[in-house]
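**Student:** So here's start.cif (mmCIF, C-alpha atoms; chains and numbers go by the auth columns).
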data_coords
#
loop_
_atom_site.group_PDB
_atom_site.id
_atom_site.type_symbol
_atom_site.label_atom_id
_atom_site.label_comp_id
_atom_site.label_asym_id
_atom_site.label_seq_id
_atom_site.Cartn_x
_atom_site.Cartn_y
_atom_site.Cartn_z
_atom_site.B_iso_or_equiv
_atom_site.auth_seq_id
_atom_site.auth_asym_id
ATOM 1 C CA MET A 1 72.943 122.780 -27.444 0.00 1 A
ATOM 2 C CA ASN A 2 69.530 121.651 -28.657 0.00 2 A
ATOM 3 C CA THR A 3 68.769 121.208 -32.324 0.00 3 A
ATOM 4 C CA GLN A 4 66.022 123.067 -34.165 0.00 4 A
ATOM 5 C CA PRO A 5 64.816 122.886 -37.777 0.00 5 A
ATOM 6 C CA VAL A 6 66.591 125.455 -39.925 0.00 6 A
ATOM 7 C CA ASN A 7 65.151 128.308 -41.921 0.00 7 A
ATOM 8 C CA PHE A 8 68.080 129.414 -44.076 0.00 8 A
ATOM 9 C CA SER A 9 66.493 132.794 -44.810 0.00 9 A
ATOM 10 C CA LYS A 10 66.649 133.636 -41.107 0.00 10 A
ATOM 11 C CA ILE A 11 70.194 132.496 -40.287 0.00 11 A
ATOM 12 C CA LEU A 12 71.928 135.733 -41.231 0.00 12 A
ATOM 13 C CA LEU A 13 69.212 137.869 -39.635 0.00 13 A
ATOM 14 C CA GLN A 14 69.493 135.952 -36.356 0.00 14 A
ATOM 15 C CA LEU A 15 73.258 136.365 -36.264 0.00 15 A
ATOM 16 C CA VAL A 16 73.001 140.077 -37.033 0.00 16 A
ATOM 17 C CA ILE A 17 70.457 140.575 -34.258 0.00 17 A
ATOM 18 C CA ALA A 18 72.608 138.610 -31.810 0.00 18 A
ATOM 19 C CA ALA A 19 75.662 140.670 -32.633 0.00 19 A
ATOM 20 C CA THR A 20 73.714 143.905 -32.379 0.00 20 A
ATOM 21 C CA LEU A 21 72.336 143.007 -28.959 0.00 21 A
ATOM 22 C CA GLY A 22 75.872 142.257 -27.890 0.00 22 A
ATOM 23 C CA GLY A 23 76.855 145.847 -28.526 0.00 23 A
ATOM 24 C CA ILE A 24 78.589 145.214 -31.844 0.00 24 A
ATOM 25 C CA GLY A 25 76.045 147.018 -33.998 0.00 25 A
ATOM 26 C CA PRO A 26 78.302 149.568 -35.737 0.00 26 A
ATOM 27 C CA SER A 27 80.773 146.902 -36.885 0.00 27 A
ATOM 28 C CA LEU A 28 78.054 145.101 -38.835 0.00 28 A
ATOM 29 C CA VAL A 29 78.229 147.820 -41.457 0.00 29 A
ATOM 30 C CA ILE A 30 81.519 146.341 -42.677 0.00 30 A
ATOM 31 C CA ALA A 31 81.041 142.743 -41.483 0.00 31 A
ATOM 32 C CA ASP A 32 81.664 139.897 -43.920 0.00 32 A
ATOM 33 C CA VAL A 33 79.922 136.526 -44.122 0.00 33 A
ATOM 34 C CA VAL A 34 81.470 133.224 -45.200 0.00 34 A
ATOM 35 C CA ASN A 35 79.964 129.737 -45.555 0.00 35 A
ATOM 36 C CA ILE A 36 82.442 126.873 -45.378 0.00 36 A
ATOM 37 C CA ASN A 37 82.233 123.082 -45.454 0.00 37 A
ATOM 38 C CA PRO A 38 84.315 120.799 -43.218 0.00 38 A
ATOM 39 C CA SER A 39 87.937 120.167 -44.061 0.00 39 A
ATOM 40 C CA LYS A 40 87.426 116.700 -42.552 0.00 40 A
ATOM 41 C CA ASP A 41 84.742 114.695 -40.749 0.00 41 A
ATOM 42 C CA ASN A 42 84.329 111.173 -39.442 0.00 42 A
ATOM 43 C CA THR A 43 82.356 108.794 -37.236 0.00 43 A
ATOM 44 C CA LEU A 44 83.984 107.288 -34.154 0.00 44 A
ATOM 45 C CA TYR A 45 82.626 103.819 -33.399 0.00 45 A
ATOM 46 C CA GLU A 46 82.595 102.301 -29.925 0.00 46 A
ATOM 47 C CA PHE A 47 85.435 99.807 -29.597 0.00 47 A
ATOM 48 C CA VAL A 48 84.349 96.170 -29.910 0.00 48 A
ATOM 49 C CA PRO A 49 87.129 93.594 -29.379 0.00 49 A
ATOM 50 C CA ALA A 50 85.804 91.348 -32.131 0.00 50 A
ATOM 51 C CA ASP A 51 85.925 94.174 -34.700 0.00 51 A
ATOM 52 C CA GLY A 52 88.780 96.356 -33.476 0.00 52 A
ATOM 53 C CA ASP A 53 88.948 100.126 -33.968 0.00 53 A
ATOM 54 C CA LEU A 54 86.580 101.359 -36.684 0.00 54 A
ATOM 55 C CA SER A 55 85.761 104.699 -38.245 0.00 55 A
ATOM 56 C CA ASN A 56 84.000 106.026 -41.345 0.00 56 A
ATOM 57 C CA ALA A 57 86.186 108.665 -42.973 0.00 57 A
ATOM 58 C CA LEU A 58 84.950 108.767 -46.560 0.00 58 A
ATOM 59 C CA GLY A 59 81.308 107.817 -46.065 0.00 59 A
ATOM 60 C CA PHE A 60 78.356 110.071 -46.823 0.00 60 A
ATOM 61 C CA HIS A 61 77.176 110.109 -43.201 0.00 61 A
ATOM 62 C CA PHE A 62 78.308 110.356 -39.594 0.00 62 A
ATOM 63 C CA PHE A 63 76.372 109.224 -36.538 0.00 63 A
ATOM 64 C CA ALA A 64 75.797 110.525 -33.017 0.00 64 A
ATOM 65 C CA GLY A 65 74.078 108.587 -30.234 0.00 65 A
ATOM 66 C CA GLU A 66 73.399 104.943 -29.436 0.00 66 A
ATOM 67 C CA THR A 67 72.371 102.454 -32.094 0.00 67 A
ATOM 68 C CA GLY A 68 69.585 99.901 -31.810 0.00 68 A
ATOM 69 C CA MET A 69 72.248 97.310 -30.970 0.00 69 A
ATOM 70 C CA GLY A 70 73.456 99.402 -28.042 0.00 70 A
ATOM 71 C CA ASP A 71 76.698 100.610 -29.664 0.00 71 A
ATOM 72 C CA LEU A 72 77.847 104.214 -29.257 0.00 72 A
ATOM 73 C CA ARG A 73 78.602 106.497 -32.188 0.00 73 A
ATOM 74 C CA ARG A 74 80.148 109.977 -32.100 0.00 74 A
ATOM 75 C CA GLY A 75 80.811 112.371 -34.962 0.00 75 A
ATOM 76 C CA VAL A 76 83.819 114.641 -35.378 0.00 76 A
ATOM 77 C CA LEU A 77 84.239 117.511 -37.821 0.00 77 A
ATOM 78 C CA ALA A 78 86.719 120.328 -38.343 0.00 78 A
ATOM 79 C CA PHE A 79 86.811 123.481 -40.470 0.00 79 A
ATOM 80 C CA ASP A 80 89.663 125.444 -42.013 0.00 80 A
ATOM 81 C CA ILE A 81 88.974 128.753 -40.277 0.00 81 A
ATOM 82 C CA ALA A 82 92.332 130.426 -40.957 0.00 82 A
ATOM 83 C CA GLY A 83 92.142 129.520 -44.645 0.00 83 A
ATOM 84 C CA ASN A 84 88.821 131.325 -45.080 0.00 84 A
ATOM 85 C CA ILE A 85 88.988 134.315 -42.706 0.00 85 A
ATOM 86 C CA PRO A 86 91.792 136.922 -42.564 0.00 86 A
ATOM 87 C CA ALA A 87 94.061 136.744 -39.542 0.00 87 A
ATOM 88 C CA GLY A 88 93.197 139.290 -36.873 0.00 88 A
ATOM 89 C CA SER A 89 89.488 139.336 -37.696 0.00 89 A
ATOM 90 C CA THR A 90 86.876 139.453 -34.957 0.00 90 A
ATOM 91 C CA ILE A 91 84.243 136.700 -35.022 0.00 91 A
ATOM 92 C CA LEU A 92 80.767 138.152 -34.494 0.00 92 A
ATOM 93 C CA GLY A 93 78.443 135.194 -35.068 0.00 93 A
ATOM 94 C CA VAL A 94 78.587 131.459 -35.839 0.00 94 A
ATOM 95 C CA THR A 95 75.947 128.968 -36.986 0.00 95 A
ATOM 96 C CA LEU A 96 76.507 125.297 -37.824 0.00 96 A
ATOM 97 C CA SER A 97 73.918 123.613 -40.069 0.00 97 A
ATOM 98 C CA LEU A 98 73.698 119.817 -40.339 0.00 98 A
ATOM 99 C CA ASN A 99 71.332 117.708 -42.411 0.00 99 A
ATOM 100 C CA MET A 100 69.951 114.840 -40.334 0.00 100 A
ATOM 101 C CA SER A 101 68.987 112.261 -42.942 0.00 101 A
ATOM 102 C CA ARG A 102 67.988 109.175 -40.963 0.00 102 A
ATOM 103 C CA THR A 103 66.587 108.295 -37.546 0.00 103 A
ATOM 104 C CA SER A 104 64.796 105.336 -35.992 0.00 104 A
ATOM 105 C CA SER A 105 62.394 107.703 -34.223 0.00 105 A
ATOM 106 C CA ASP A 106 61.174 111.283 -34.592 0.00 106 A
ATOM 107 C CA THR A 107 61.622 111.730 -30.843 0.00 107 A
ATOM 108 C CA ALA A 108 63.733 114.819 -30.176 0.00 108 A
ATOM 109 C CA ARG A 109 67.192 114.040 -28.757 0.00 109 A
ATOM 110 C CA ASN A 110 69.818 116.432 -27.467 0.00 110 A
ATOM 111 C CA VAL A 111 72.891 116.599 -29.694 0.00 111 A
ATOM 112 C CA GLU A 112 75.805 118.600 -28.291 0.00 112 A
ATOM 113 C CA LEU A 113 78.977 120.128 -29.680 0.00 113 A
ATOM 114 C CA HIS A 114 82.202 119.835 -27.696 0.00 114 A
ATOM 115 C CA SER A 115 85.497 121.374 -28.800 0.00 115 A
ATOM 116 C CA LEU A 116 88.216 118.764 -29.274 0.00 116 A
ATOM 117 C CA LEU A 117 91.536 119.140 -27.466 0.00 117 A
ATOM 118 C CA ALA A 118 93.703 116.929 -29.687 0.00 118 A
ATOM 119 C CA ASP A 119 94.170 116.475 -33.403 0.00 119 A
ATOM 120 C CA TRP A 120 92.694 113.544 -35.308 0.00 120 A
ATOM 121 C CA GLY A 121 92.966 112.113 -38.800 0.00 121 A
ATOM 122 C CA GLU A 122 90.214 111.455 -41.285 0.00 122 A
ATOM 123 C CA GLY A 123 91.847 108.397 -42.858 0.00 123 A
ATOM 124 C CA THR A 124 90.489 106.441 -45.812 0.00 124 A
ATOM 125 C CA SER A 125 87.945 104.063 -44.250 0.00 125 A
ATOM 126 C CA GLN A 126 84.458 103.836 -45.712 0.00 126 A
ATOM 127 C CA ALA A 127 81.585 101.933 -44.162 0.00 127 A
ATOM 128 C CA SER A 128 79.345 99.692 -46.235 0.00 128 A
ATOM 129 C CA GLY A 129 75.564 99.700 -46.528 0.00 129 A
ATOM 130 C CA ASP A 130 73.881 102.443 -44.501 0.00 130 A
ATOM 131 C CA GLU A 131 77.227 103.109 -42.769 0.00 131 A
ATOM 132 C CA GLY A 132 75.890 102.417 -39.291 0.00 132 A
ATOM 133 C CA MET A 133 78.218 99.474 -38.677 0.00 133 A
ATOM 134 C CA GLY A 134 81.560 101.131 -39.360 0.00 134 A
ATOM 135 C CA ALA A 135 84.198 100.367 -42.008 0.00 135 A
ATOM 136 C CA GLN A 136 83.918 96.532 -41.711 0.00 136 A
ATOM 137 C CA SER A 137 72.280 106.204 -37.097 0.00 137 A
ATOM 138 C CA VAL A 138 67.320 115.339 -32.755 0.00 138 A
ATOM 139 C CA GLY A 139 63.797 114.928 -34.028 0.00 139 A
ATOM 140 C CA ALA A 140 62.425 114.222 -37.463 0.00 140 A
ATOM 141 C CA ILE A 141 64.546 114.182 -40.608 0.00 141 A
ATOM 142 C CA GLY A 142 65.632 117.669 -41.679 0.00 142 A
ATOM 143 C CA VAL A 143 68.287 120.366 -41.363 0.00 143 A
ATOM 144 C CA TYR A 144 69.228 121.543 -37.872 0.00 144 A
ATOM 145 C CA THR A 145 71.373 124.415 -36.638 0.00 145 A
ATOM 146 C CA TRP A 146 73.587 125.070 -33.639 0.00 146 A
ATOM 147 C CA SER A 147 74.478 128.597 -32.534 0.00 147 A
ATOM 148 C CA ALA A 148 75.841 129.719 -29.166 0.00 148 A
ATOM 149 C CA PRO A 149 78.330 132.210 -27.679 0.00 149 A
ATOM 150 C CA GLN A 150 80.725 129.344 -26.928 0.00 150 A
ATOM 151 C CA MET A 151 80.819 128.487 -30.632 0.00 151 A
ATOM 152 C CA VAL A 152 81.836 132.077 -31.395 0.00 152 A
ATOM 153 C CA ALA A 153 84.602 131.750 -28.800 0.00 153 A
ATOM 154 C CA ASP A 154 85.722 128.430 -30.296 0.00 154 A
ATOM 155 C CA VAL A 155 85.980 129.820 -33.834 0.00 155 A
ATOM 156 C CA GLN A 156 87.808 132.925 -32.603 0.00 156 A
ATOM 157 C CA PHE A 157 90.274 130.685 -30.741 0.00 157 A
ATOM 158 C CA TRP A 158 90.828 128.535 -33.823 0.00 158 A
ATOM 159 C CA LEU A 159 91.408 131.623 -35.976 0.00 159 A
ATOM 160 C CA ASP A 160 93.935 133.087 -33.537 0.00 160 A
ATOM 161 C CA ASP A 161 95.798 129.784 -33.052 0.00 161 A
ATOM 162 C CA PRO A 162 95.079 127.656 -36.142 0.00 162 A
ATOM 163 C CA THR A 163 97.831 125.067 -35.732 0.00 163 A
ATOM 164 C CA GLY A 164 97.765 124.643 -31.970 0.00 164 A
ATOM 165 C CA SER A 165 94.046 124.636 -31.200 0.00 165 A
ATOM 166 C CA ASN A 166 91.837 124.025 -34.252 0.00 166 A
ATOM 167 C CA PHE A 167 90.849 120.395 -33.787 0.00 167 A
ATOM 168 C CA GLY A 168 87.144 120.917 -34.477 0.00 168 A
ATOM 169 C CA TRP A 169 84.040 119.722 -32.649 0.00 169 A
ATOM 170 C CA LEU A 170 82.850 116.370 -31.389 0.00 170 A
ATOM 171 C CA VAL A 171 79.139 115.786 -32.066 0.00 171 A
ATOM 172 C CA LEU A 172 77.760 114.010 -29.014 0.00 172 A
ATOM 173 C CA GLY A 173 74.312 112.458 -29.274 0.00 173 A
ATOM 174 C CA ASP A 174 71.948 110.963 -26.715 0.00 174 A
ATOM 175 C CA GLU A 175 73.689 107.884 -25.299 0.00 175 A
ATOM 176 C CA SER A 176 71.135 107.166 -22.572 0.00 176 A
ATOM 177 C CA ALA A 177 69.313 104.337 -24.360 0.00 177 A
ATOM 178 C CA ALA A 178 69.386 102.179 -27.462 0.00 178 A
ATOM 179 C CA ALA A 179 68.058 103.468 -30.804 0.00 179 A
ATOM 180 C CA THR A 180 68.734 107.138 -30.020 0.00 180 A
ATOM 181 C CA ALA A 181 71.346 107.623 -32.758 0.00 181 A
ATOM 182 C CA LYS A 182 70.878 110.252 -35.461 0.00 182 A
ATOM 183 C CA ARG A 183 72.557 110.109 -38.866 0.00 183 A
ATOM 184 C CA PHE A 184 73.973 113.330 -40.316 0.00 184 A
ATOM 185 C CA ASP A 185 75.338 113.942 -43.802 0.00 185 A
ATOM 186 C CA THR A 186 79.080 114.522 -44.258 0.00 186 A
ATOM 187 C CA ARG A 187 81.140 116.711 -46.563 0.00 187 A
ATOM 188 C CA GLU A 188 81.183 113.897 -49.131 0.00 188 A
ATOM 189 C CA SER A 189 77.377 114.029 -49.471 0.00 189 A
ATOM 190 C CA ALA A 190 75.142 116.296 -51.556 0.00 190 A
ATOM 191 C CA THR A 191 74.060 118.146 -48.380 0.00 191 A
ATOM 192 C CA PRO A 192 77.304 118.707 -46.435 0.00 192 A
ATOM 193 C CA PRO A 193 77.631 120.521 -43.089 0.00 193 A
ATOM 194 C CA VAL A 194 77.835 124.303 -43.428 0.00 194 A
ATOM 195 C CA LEU A 195 79.504 126.654 -40.972 0.00 195 A
ATOM 196 C CA THR A 196 78.253 130.220 -41.406 0.00 196 A
ATOM 197 C CA ILE A 197 80.514 132.874 -39.876 0.00 197 A
ATOM 198 C CA ILE A 198 80.008 136.618 -39.579 0.00 198 A
ATOM 199 C CA TYR A 199 83.259 138.439 -38.928 0.00 199 A
ATOM 200 C CA ASP A 200 84.779 141.896 -38.819 0.00 200 A
ATOM 201 C CA PRO A 201 87.737 141.751 -41.237 0.00 201 A
ATOM 202 C CA ASN A 202 91.249 142.682 -40.253 0.00 202 A
ATOM 203 C CA GLY A 203 92.499 146.263 -40.475 0.00 203 A
ATOM 204 C CA PRO A 204 91.717 149.626 -38.911 0.00 204 A
ATOM 205 C CA ARG A 205 88.452 151.243 -39.815 0.00 205 A
ATOM 206 C CA PRO A 206 88.695 154.596 -41.555 0.00 206 A
ATOM 207 C CA LEU A 207 87.270 157.437 -39.544 0.00 207 A
ATOM 208 C CA PRO A 208 84.548 159.482 -41.230 0.00 208 A
ATOM 209 C CA MET A 209 85.875 162.684 -42.723 0.00 209 A
ATOM 210 C CA PRO A 210 84.229 165.837 -41.380 0.00 210 A
ATOM 211 C CA ARG A 211 82.226 167.726 -43.924 0.00 211 A
ATOM 212 C CA SER A 212 83.337 171.247 -44.654 0.00 212 A
ATOM 213 C CA ARG A 213 80.759 173.897 -43.956 0.00 213 A
ATOM 214 C CA PRO A 214 80.609 177.355 -45.474 0.00 214 A
ATOM 215 C CA THR A 215 81.641 180.189 -43.171 0.00 215 A
ATOM 216 C CA PRO A 216 78.554 182.129 -42.140 0.00 216 A
ATOM 217 C CA HIS A 217 78.537 185.814 -43.063 0.00 217 A
ATOM 218 C CA PRO A 218 76.531 188.386 -41.090 0.00 218 A
ATOM 219 C CA ARG A 219 73.583 189.816 -42.911 0.00 219 A
ATOM 220 C CA PRO A 220 73.477 193.606 -43.310 0.00 220 A
ATOM 221 C CA THR A 221 71.092 195.375 -40.984 0.00 221 A
ATOM 222 C CA PRO A 222 68.263 196.975 -42.914 0.00 222 A
ATOM 223 C CA ARG A 223 67.952 200.780 -42.542 0.00 223 A
#
Starting from the file, give its structure as structure tokens.

**Tutor:**
Amino acid sequence: MNTQPVNFSKILLQLVIAATLGGIGPSLVIADVVNINPSKDNTLYEFVPADGDLSNALGFHFFAGETGMGDLRRGVLAFDIAGNIPAGSTILGVTLSLNMSRTSSDTARNVELHSLLADWGEGTSQASGDEGMGAQSVGAIGVYTWSAPQMVADVQFWLDDPTGSNFGWLVLGDESAAATAKRFDTRESATPPVLTIIYDPNGPRPLPMPRSRPTPHPRPTPR
């Protein structure tokens, strides 16, 4: 999924249009919208024998891509879907917004989301400095959004099976060359990730009541 600069005023409109084109138009009349921040996020650092396993749980940033030193970085983030959306709801649209706050180049790089298949812990590690070296960095700086049918399917799956499937997304950057890494802000920062979800809440929809009409009476024939 490619990144694009965000226009927050258009996010809801885009999701509504997407849902309408998908044949869900009537349900939008009672659809709800929720914006939630991650319940946890982290950076996974490529294993280096001299340093051991490193992560950055409590830092203000996570990284995706390859650093200037040739080390790989991948971000992970998860959201409490079941704690914010009623069980049984139908997910109609999903948009993830991330603030990319540092890059070595304005060259656009593909950054992908992949659903995780196993649980992970955030921990208590916190990297020093600019946080690019662990707990011992899409385009130019700005806010980017991801939105795709697969993301809708992921969130629906996590809502329906919150304990057995909701492990969040891995943020995979361009790992084809050095200095491709992008730095994104975490939930601990002033500009945390935001997951915007449009959903049809649980419960049957009331059918419209027919309006009563007066019984027509025949008019008298003039003589």

**Student:** Give as a PDB file with C-alpha atoms, in the frame of the given file every residue, naming chains and numbers as the document does, that has an atom within 7 Å of (86.6, 119.8, -35.8), counting only C-alpha atoms.

**Tutor:**
ATOM      1  CA  VAL A  76      83.819 114.641 -35.378  1.00  0.00           C
ATOM      2  CA  LEU A  77      84.239 117.511 -37.821  1.00  0.00           C
ATOM      3  CA  ALA A  78      86.719 120.328 -38.343  1.00  0.00           C
ATOM      4  CA  PHE A  79      86.811 123.481 -40.470  1.00  0.00           C
ATOM      5  CA  LEU A 116      88.216 118.764 -29.274  1.00  0.00           C
ATOM      6  CA  ASN A 166      91.837 124.025 -34.252  1.00  0.00           C
ATOM      7  CA  PHE A 167      90.849 120.395 -33.787  1.00  0.00           C
ATOM      8  CA  GLY A 168      87.144 120.917 -34.477  1.00  0.00           C
ATOM      9  CA  TRP A 169      84.040 119.722 -32.649  1.00  0.00           C
ATOM     10  CA  LEU A 170      82.850 116.370 -31.389  1.00  0.00           C
TER      11      LEU A 170
END

**Student:** In Å to one decimal, how far is CA of Ser89 in chain A from CA of Asp154 in chain A?

**Tutor:**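 If I compute the distance from CA of Asp154 in chain A to CA of Ser89 in chain A, I get 13.7 Å.
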
**Student:** Can you build me a table of range 40-121 of chain A residues sitting at most 9 Å from range 181-188 of chain A, with the closest atom pair per residue and its distance in Å to one decimal, using all atoms listed in the file, sorted by chain and residue number, as a Markdown table?

**Tutor:**
| residue | atom | partner | partner_atom | distance |
| --- | --- | --- | --- | --- |
| A:Lys40 | CA | A:Arg187 | CA | 7.5 |
| A:Asp41 | CA | A:Thr186 | CA | 6.7 |
| A:Asn42 | CA | A:Thr186 | CA | 7.9 |
| A:Leu58 | CA | A:Glu188 | CA | 6.9 |
| A:Gly59 | CA | A:Glu188 | CA | 6.8 |
| A:Phe60 | CA | A:Thr186 | CA | 5.2 |
| A:His61 | CA | A:Asp185 | CA | 4.3 |
| A:Phe62 | CA | A:Phe184 | CA | 5.3 |
| A:Phe63 | CA | A:Arg183 | CA | 4.6 |
| A:Ala64 | CA | A:Ala181 | CA | 5.3 |
| A:Gly65 | CA | A:Ala181 | CA | 3.8 |
| A:Glu66 | CA | A:Ala181 | CA | 4.7 |
| A:Thr67 | CA | A:Ala181 | CA | 5.3 |
| A:Gly68 | CA | A:Ala181 | CA | 8.0 |
| A:Leu72 | CA | A:Ala181 | CA | 8.1 |
| A:Arg73 | CA | A:Ala181 | CA | 7.4 |
| A:Gly75 | CA | A:Phe184 | CA | 8.7 |
| A:Leu77 | CA | A:Thr186 | CA | 8.8 |
| A:Leu98 | CA | A:Phe184 | CA | 6.5 |
| A:Asn99 | CA | A:Phe184 | CA | 5.5 |
| A:Met100 | CA | A:Phe184 | CA | 4.3 |
| A:Ser101 | CA | A:Phe184 | CA | 5.7 |
| A:Arg102 | CA | A:Arg183 | CA | 5.1 |
| A:Thr103 | CA | A:Lys182 | CA | 5.2 |
| A:Ser104 | CA | A:Ala181 | CA | 7.7 |
| A:Ser105 | CA | A:Lys182 | CA | 8.9 |
| A:Arg109 | CA | A:Lys182 | CA | 8.5 |
| A:Val111 | CA | A:Lys182 | CA | 8.8 |

**Student:** Using all atoms listed in the file for the distances, tell me which of A:Asp174, A:Glu112, A:Glu46, A:Asp119 is nearest to Tyr144 in chain A.

**Tutor:**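 Closest to Tyr144 in chain A, using all atoms listed in the file: A:Glu112.
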
**Student:** Grab the CA of Leu96 in chain A to CA of Trp146 in chain A distance for me, in Å with one decimal place.

**Tutor:**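 Answer for the CA of Leu96 in chain A to CA of Trp146 in chain A separation: 5.1 Å.
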
**Student:** What residues have an atom no more than 8 Å from (63.7, 119.0, -44.3) in the file's own frame, counting all atoms listed in the file, and can you write them as a ChimeraX atom specification?

**Tutor:** /A:5,99,141-143

**Student:** Using all atoms listed in the file, pick whichever of A:Pro38, A:Gly173, A:Gly164, A:Pro86 has the shortest atom-to-atom distance to Thr191 in chain A.

**Tutor:**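 Once distances to Thr191 in chain A are computed over all atoms listed in the file, the minimum belongs to A:Pro38.
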
**Student:** Can you tell me how far CA of Ala153 in chain A sits from CA of Asn110 in chain A, in Å to one decimal?

**Tutor:** 21.3 Å

**Student:** With only C-alpha atoms as the counted atoms, please give the residues lying no more than 7 Å from Val152 in chain A, apart from itself and same-chain residues fewer than 6 positions off, as a PyMOL selection string.

**Tutor:** chain A and resi 91-94

**Student:** Check which residues satisfy the PyMOL selection byres ((chain A and resi 160) around 9) in the file shown, then give them as a VMD selection string.

**Tutor:** chain A and resid 82 87 to 89 155 to 159 161 to 162 165

**Student:** Determine the residue set returned by the PyMOL selection byres ((chain A and resi 37) around 6) for the present structure, and present it as a ChimeraX atom specification.

**Tutor:** /A:36,38,193-194

**Student:** Supply range 103-115 of chain A as a PDB file, in the coordinates of the input, with N, CA and C atoms built in where the input has gaps.

**Tutor:**
ATOM      1  N   THR A 103      66.783 108.513 -38.972  1.00  0.00           N
ATOM      2  CA  THR A 103      66.587 108.295 -37.546  1.00  0.00           C
ATOM      3  C   THR A 103      65.597 107.158 -37.356  1.00  0.00           C
ATOM      4  N   SER A 104      65.743 106.431 -36.281  1.00  0.00           N
ATOM      5  CA  SER A 104      64.796 105.336 -35.992  1.00  0.00           C
ATOM      6  C   SER A 104      63.528 105.852 -35.345  1.00  0.00           C
ATOM      7  N   SER A 105      63.554 107.118 -34.885  1.00  0.00           N
ATOM      8  CA  SER A 105      62.394 107.703 -34.223  1.00  0.00           C
ATOM      9  C   SER A 105      62.433 109.213 -34.391  1.00  0.00           C
ATOM     10  N   ASP A 106      61.248 109.830 -34.506  1.00  0.00           N
ATOM     11  CA  ASP A 106      61.174 111.283 -34.592  1.00  0.00           C
ATOM     12  C   ASP A 106      61.291 111.953 -33.225  1.00  0.00           C
ATOM     13  N   THR A 107      61.462 111.167 -32.175  1.00  0.00           N
ATOM     14  CA  THR A 107      61.622 111.730 -30.843  1.00  0.00           C
ATOM     15  C   THR A 107      62.829 112.663 -30.809  1.00  0.00           C
ATOM     16  N   ALA A 108      62.640 113.855 -30.246  1.00  0.00           N
ATOM     17  CA  ALA A 108      63.733 114.819 -30.176  1.00  0.00           C
ATOM     18  C   ALA A 108      64.799 114.347 -29.194  1.00  0.00           C
ATOM     19  N   ARG A 109      66.049 114.428 -29.600  1.00  0.00           N
ATOM     20  CA  ARG A 109      67.192 114.040 -28.757  1.00  0.00           C
ATOM     21  C   ARG A 109      68.195 115.180 -28.723  1.00  0.00           C
ATOM     22  N   ASN A 110      68.777 115.419 -27.571  1.00  0.00           N
ATOM     23  CA  ASN A 110      69.818 116.432 -27.467  1.00  0.00           C
ATOM     24  C   ASN A 110      71.077 115.977 -28.193  1.00  0.00           C
ATOM     25  N   VAL A 111      71.623 116.848 -29.009  1.00  0.00           N
ATOM     26  CA  VAL A 111      72.891 116.599 -29.694  1.00  0.00           C
ATOM     27  C   VAL A 111      73.791 117.792 -29.392  1.00  0.00           C
ATOM     28  N   GLU A 112      74.939 117.540 -28.794  1.00  0.00           N
ATOM     29  CA  GLU A 112      75.805 118.600 -28.291  1.00  0.00           C
ATOM     30  C   GLU A 112      77.093 118.702 -29.092  1.00  0.00           C
ATOM     31  N   LEU A 113      77.659 119.895 -29.092  1.00  0.00           N
ATOM     32  CA  LEU A 113      78.977 120.128 -29.680  1.00  0.00           C
ATOM     33  C   LEU A 113      79.987 120.357 -28.568  1.00  0.00           C
ATOM     34  N   HIS A 114      81.118 119.666 -28.665  1.00  0.00           N
ATOM     35  CA  HIS A 114      82.202 119.835 -27.696  1.00  0.00           C
ATOM     36  C   HIS A 114      83.495 120.067 -28.466  1.00  0.00           C
ATOM     37  N   SER A 115      84.237 121.115 -28.113  1.00  0.00           N
ATOM     38  CA  SER A 115      85.497 121.374 -28.800  1.00  0.00           C
ATOM     39  C   SER A 115      86.503 120.292 -28.449  1.00  0.00           C
TER      40      SER A 115
END
